Each structure stands twice: as C-alpha cells, then as structure tokens.
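Q: upload.tsv is the file, holding TSV, N, CA and C atoms:
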```tsv
chain	number	residue	atom	x	y	z
A	450	MET	N	46.48	68.19	9.03
A	450	MET	CA	45.50	68.31	7.96
A	450	MET	C	44.41	67.27	8.20
A	451	ALA	N	43.18	67.72	8.29
A	451	ALA	CA	42.05	66.82	8.52
A	451	ALA	C	41.65	66.11	7.23
A	452	ARG	N	41.33	64.86	7.37
A	452	ARG	CA	40.91	64.06	6.22
A	452	ARG	C	39.39	64.09	6.10
A	453	VAL	N	38.88	64.32	4.91
A	453	VAL	CA	37.44	64.39	4.66
A	453	VAL	C	36.94	63.01	4.27
A	454	GLU	N	35.79	62.62	4.81
A	454	GLU	CA	35.19	61.34	4.44
A	454	GLU	C	34.84	61.32	2.96
A	455	VAL	N	35.04	60.18	2.33
A	455	VAL	CA	34.79	60.03	0.89
A	455	VAL	C	33.56	59.16	0.70
A	456	ASN	N	32.65	59.60	-0.14
A	456	ASN	CA	31.48	58.81	-0.50
A	456	ASN	C	31.76	58.06	-1.78
A	457	GLU	N	31.05	56.97	-2.01
A	457	GLU	CA	31.22	56.17	-3.23
A	457	GLU	C	31.03	57.03	-4.48
A	458	LYS	N	30.14	58.01	-4.43
A	458	LYS	CA	29.89	58.88	-5.59
A	458	LYS	C	31.10	59.73	-5.93
A	459	ASP	N	32.02	59.89	-4.98
A	459	ASP	CA	33.21	60.71	-5.20
A	459	ASP	C	34.34	59.94	-5.88
A	460	VAL	N	34.19	58.62	-6.02
A	460	VAL	CA	35.24	57.80	-6.61
A	460	VAL	C	35.30	58.04	-8.11
A	461	ILE	N	36.51	58.31	-8.62
A	461	ILE	CA	36.74	58.49	-10.06
A	461	ILE	C	37.35	57.19	-10.56
A	462	LYS	N	36.57	56.41	-11.30
A	462	LYS	CA	37.03	55.09	-11.74
A	462	LYS	C	37.20	55.11	-13.26
A	463	PHE	N	38.36	54.68	-13.73
A	463	PHE	CA	38.61	54.64	-15.17
A	463	PHE	C	39.74	53.66	-15.46
A	464	LYS	N	39.84	53.25	-16.71
A	464	LYS	CA	40.92	52.39	-17.18
A	464	LYS	C	41.93	53.28	-17.89
A	465	ALA	N	43.21	53.03	-17.62
A	465	ALA	CA	44.26	53.85	-18.23
A	465	ALA	C	45.50	53.02	-18.48
A	466	GLN	N	46.31	53.50	-19.38
A	466	GLN	CA	47.60	52.88	-19.65
A	466	GLN	C	48.69	53.85	-19.19
A	467	VAL	N	49.71	53.32	-18.51
A	467	VAL	CA	50.83	54.15	-18.09
A	467	VAL	C	51.63	54.50	-19.34
A	468	SER	N	51.70	55.78	-19.63
A	468	SER	CA	52.40	56.25	-20.81
A	468	SER	C	53.87	56.55	-20.52
A	469	LYS	N	54.11	57.12	-19.32
A	469	LYS	CA	55.48	57.52	-19.01
A	469	LYS	C	55.65	57.66	-17.51
A	470	VAL	N	56.81	57.27	-17.00
A	470	VAL	CA	57.19	57.51	-15.61
A	470	VAL	C	58.56	58.17	-15.65
A	471	THR	N	58.66	59.35	-15.04
A	471	THR	CA	59.93	60.08	-15.05
A	471	THR	C	60.27	60.54	-13.64
A	472	THR	N	61.56	60.76	-13.41
A	472	THR	CA	62.04	61.30	-12.15
A	472	THR	C	62.29	62.79	-12.35
A	473	MET	N	61.75	63.60	-11.45
A	473	MET	CA	61.92	65.04	-11.52
A	473	MET	C	63.24	65.44	-10.88
A	474	ALA	N	63.64	66.70	-11.07
A	474	ALA	CA	64.92	67.19	-10.54
A	474	ALA	C	65.01	67.07	-9.03
A	475	ASP	N	63.88	67.19	-8.34
A	475	ASP	CA	63.88	67.11	-6.88
A	475	ASP	C	63.75	65.67	-6.37
A	476	GLY	N	63.74	64.70	-7.27
A	476	GLY	CA	63.66	63.29	-6.90
A	476	GLY	C	62.24	62.75	-6.86
A	477	SER	N	61.24	63.62	-7.00
A	477	SER	CA	59.86	63.14	-7.03
A	477	SER	C	59.58	62.45	-8.36
A	478	LEU	N	58.48	61.73	-8.43
A	478	LEU	CA	58.13	61.00	-9.63
A	478	LEU	C	56.93	61.62	-10.31
A	479	ARG	N	56.89	61.55	-11.62
A	479	ARG	CA	55.74	62.01	-12.40
A	479	ARG	C	55.29	60.84	-13.26
A	480	VAL	N	53.99	60.56	-13.20
A	480	VAL	CA	53.39	59.47	-13.96
A	480	VAL	C	52.38	60.07	-14.93
A	481	VAL	N	52.49	59.70	-16.21
A	481	VAL	CA	51.55	60.16	-17.22
A	481	VAL	C	50.67	58.98	-17.62
A	482	LEU	N	49.35	59.20	-17.56
A	482	LEU	CA	48.39	58.15	-17.90
A	482	LEU	C	47.66	58.52	-19.18
A	483	ASP	N	47.41	57.53	-20.02
A	483	ASP	CA	46.58	57.72	-21.22
A	483	ASP	C	45.29	56.95	-21.00
A	484	PHE	N	44.15	57.62	-21.29
A	484	PHE	CA	42.88	56.93	-21.23
A	484	PHE	C	42.03	57.33	-22.41
A	485	SER	N	40.94	56.64	-22.60
A	485	SER	CA	40.10	56.77	-23.79
A	485	SER	C	39.55	58.18	-23.98
A	486	GLU	N	39.41	58.58	-25.22
A	486	GLU	CA	38.80	59.87	-25.54
A	486	GLU	C	37.33	59.90	-25.14
A	487	LYS	N	36.76	58.74	-24.87
A	487	LYS	CA	35.37	58.66	-24.41
A	487	LYS	C	35.24	59.08	-22.95
A	488	ASP	N	36.35	59.16	-22.24
A	488	ASP	CA	36.33	59.45	-20.80
A	488	ASP	C	36.47	60.94	-20.50
A	489	ILE	N	35.72	61.77	-21.21
A	489	ILE	CA	35.76	63.22	-20.98
A	489	ILE	C	35.31	63.53	-19.55
A	490	ASP	N	34.33	62.78	-19.04
A	490	ASP	CA	33.86	63.01	-17.67
A	490	ASP	C	34.97	62.73	-16.65
A	491	VAL	N	35.82	61.76	-16.94
A	491	VAL	CA	36.95	61.47	-16.07
A	491	VAL	C	37.93	62.64	-16.09
A	492	ALA	N	38.24	63.14	-17.27
A	492	ALA	CA	39.14	64.28	-17.40
A	492	ALA	C	38.59	65.50	-16.65
A	493	THR	N	37.28	65.71	-16.75
A	493	THR	CA	36.64	66.83	-16.05
A	493	THR	C	36.81	66.68	-14.55
A	494	LYS	N	36.56	65.49	-14.02
A	494	LYS	CA	36.69	65.25	-12.58
A	494	LYS	C	38.13	65.43	-12.12
A	495	LEU	N	39.09	64.97	-12.93
A	495	LEU	CA	40.49	65.13	-12.57
A	495	LEU	C	40.90	66.61	-12.57
A	496	MET	N	40.40	67.37	-13.54
A	496	MET	CA	40.68	68.81	-13.57
A	496	MET	C	40.07	69.52	-12.36
A	497	GLN	N	38.86	69.11	-11.96
A	497	GLN	CA	38.22	69.70	-10.78
A	497	GLN	C	39.03	69.38	-9.52
A	498	THR	N	39.60	68.18	-9.47
A	498	THR	CA	40.45	67.79	-8.35
A	498	THR	C	41.66	68.70	-8.27
A	499	LYS	N	42.28	68.95	-9.42
A	499	LYS	CA	43.45	69.83	-9.47
A	499	LYS	C	43.09	71.25	-9.04
A	500	GLN	N	41.98	71.77	-9.56
A	500	GLN	CA	41.55	73.12	-9.22
A	500	GLN	C	41.26	73.27	-7.73
A	501	ALA	N	40.75	72.21	-7.12
A	501	ALA	CA	40.43	72.25	-5.69
A	501	ALA	C	41.68	72.10	-4.82
A	502	GLY	N	42.80	71.75	-5.45
A	502	GLY	CA	44.04	71.55	-4.70
A	502	GLY	C	44.02	70.25	-3.89
A	503	ALA	N	43.19	69.31	-4.31
A	503	ALA	CA	43.05	68.05	-3.59
A	503	ALA	C	44.09	67.03	-4.06
A	504	MET	N	44.35	66.07	-3.22
A	504	MET	CA	45.23	64.95	-3.55
A	504	MET	C	44.36	63.78	-3.97
A	505	LEU	N	44.92	62.88	-4.75
A	505	LEU	CA	44.25	61.63	-5.12
A	505	LEU	C	44.83	60.49	-4.30
A	506	GLU	N	43.97	59.63	-3.82
A	506	GLU	CA	44.40	58.37	-3.22
A	506	GLU	C	44.05	57.31	-4.24
A	507	ILE	N	45.06	56.64	-4.78
A	507	ILE	CA	44.85	55.77	-5.93
A	507	ILE	C	45.16	54.31	-5.57
A	508	ALA	N	44.25	53.43	-5.96
A	508	ALA	CA	44.49	51.99	-5.90
A	508	ALA	C	44.39	51.49	-7.33
A	509	ALA	N	45.40	50.80	-7.80
A	509	ALA	CA	45.42	50.37	-9.20
A	509	ALA	C	45.53	48.86	-9.29
A	510	VAL	N	44.90	48.32	-10.32
A	510	VAL	CA	44.97	46.89	-10.62
A	510	VAL	C	45.55	46.75	-12.02
A	511	ALA	N	46.68	46.09	-12.15
A	511	ALA	CA	47.29	45.87	-13.46
A	511	ALA	C	46.59	44.72	-14.16
A	512	VAL	N	46.20	44.94	-15.39
A	512	VAL	CA	45.56	43.91	-16.21
A	512	VAL	C	46.44	43.73	-17.45
A	513	VAL	N	46.97	42.53	-17.62
A	513	VAL	CA	47.88	42.26	-18.73
A	513	VAL	C	47.15	41.39	-19.75
A	514	PHE	N	47.19	41.83	-21.01
A	514	PHE	CA	46.60	41.08	-22.11
A	514	PHE	C	47.71	40.53	-22.97
A	515	GLU	N	47.61	39.28	-23.38
A	515	GLU	CA	48.66	38.66	-24.20
A	515	GLU	C	48.83	39.35	-25.54
A	516	ASP	N	47.73	39.82	-26.13
A	516	ASP	CA	47.81	40.43	-27.46
A	516	ASP	C	47.77	41.96	-27.41
A	517	PHE	N	48.05	42.55	-26.23
A	517	PHE	CA	48.00	44.00	-26.07
A	517	PHE	C	49.30	44.61	-26.61
A	518	PRO	N	49.20	45.64	-27.45
A	518	PRO	CA	50.41	46.26	-28.00
A	518	PRO	C	51.22	46.94	-26.91
A	519	ALA	N	52.52	46.79	-26.97
A	519	ALA	CA	53.41	47.38	-25.95
A	519	ALA	C	53.64	48.84	-26.22
```
What would you get if you wrote out this structure as structure tokens?
A:
Amino acid sequence: MARVEVNEKDVIKFKAQVSKVTTMADGSLRVVLDFSEKDIDVATKLMQTKQAGAMLEIAAVAVVFEDFPA
C-alpha cells in the first residue's frame, strides 16, 4: 500500500478527552473520544476520513489539570 504525502492543511487538530477504552472480541482496541460541540468542523473532517476509508496517524499529548473533573 503506497503512502500519500500529507500537507499541513490536511492535519486535523483538536483537543479531546478519552471517554472510554474497550477491548473488542477479536482483541483489537476501541477508543472513544469526547470533544467540544464547537468542533463541528473536526467531526466533519473525521467523517470524511471514514467515508474515504483512510486511516488516521495520531500523535497525542496528554495535558493534566489539577482541578480537571475526572
């Protein structure tokens, strides 16, 4: 499978909270992310990614706040 070059404009950047991590019957993992209702454009881009059958390459940075609700 050939890899397509990615431009900076193609990067989908957003802040999210991990809502759930589960193990599927086949041993794969499913991660559910929650993000702001203001990020409709992010949701649109993620849906377009799914429709295109593309994979996401994700780099995440954990940010911990002392007064953040668990």
Q: Which polymer residues have any atom within 6 Å of an atom of Gln466 in chain A, counting only N, CA and C atoms, with same-chain residues fewer than 2 positions away left out, as a list of chain:residue names?
A: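 Here the answer would be A:Lys464, A:Ser468, A:Val481, A:Leu482, A:Asp483, A:Phe484.
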Q: Go ahead and compute the interatomic distance for atom C of Ile461 in chain A and CA of Lys499 in chain A, in Å to one decimal.
A: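 Between these atoms lies a distance of 14.1 Å.
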Q: Report, in Å to a single decimal, how far apart atom C of Phe463 in chain A and atom N of Ala508 in chain A are.
A: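 It comes out at 10.5 Å.
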Q: DSSP says alpha helix (DSSP H) for which residues of chain A? Put them as a ChimeraX atom specification?
A: /A:489-501
Q: Determine which residues of chain A receive a DSSP assignment of strand (DSSP E), computed from the backbone, and state them as a list in words.
A: Gln466, Val467, Ser468, Lys469, Val470, Thr471, Thr472, Leu478, Arg479, Val480, Val481, Leu482 and Asp483 of chain A
Q: Which polymer residues have any atom within 7 Å of an atom of Lys469 in chain A, counting only C-alpha atoms, with same-chain residues fewer than 2 positions away left out, as a PyMOL selection string?
A: chain A and resi 467+471+480-481
Q: Looking at only C-alpha atoms, which of A:Met473, A:Val460, A:Val510, A:Leu478 is the one that sits closest to Thr498 in chain A?
A: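 The closest residue to Thr498 in chain A is A:Val460.
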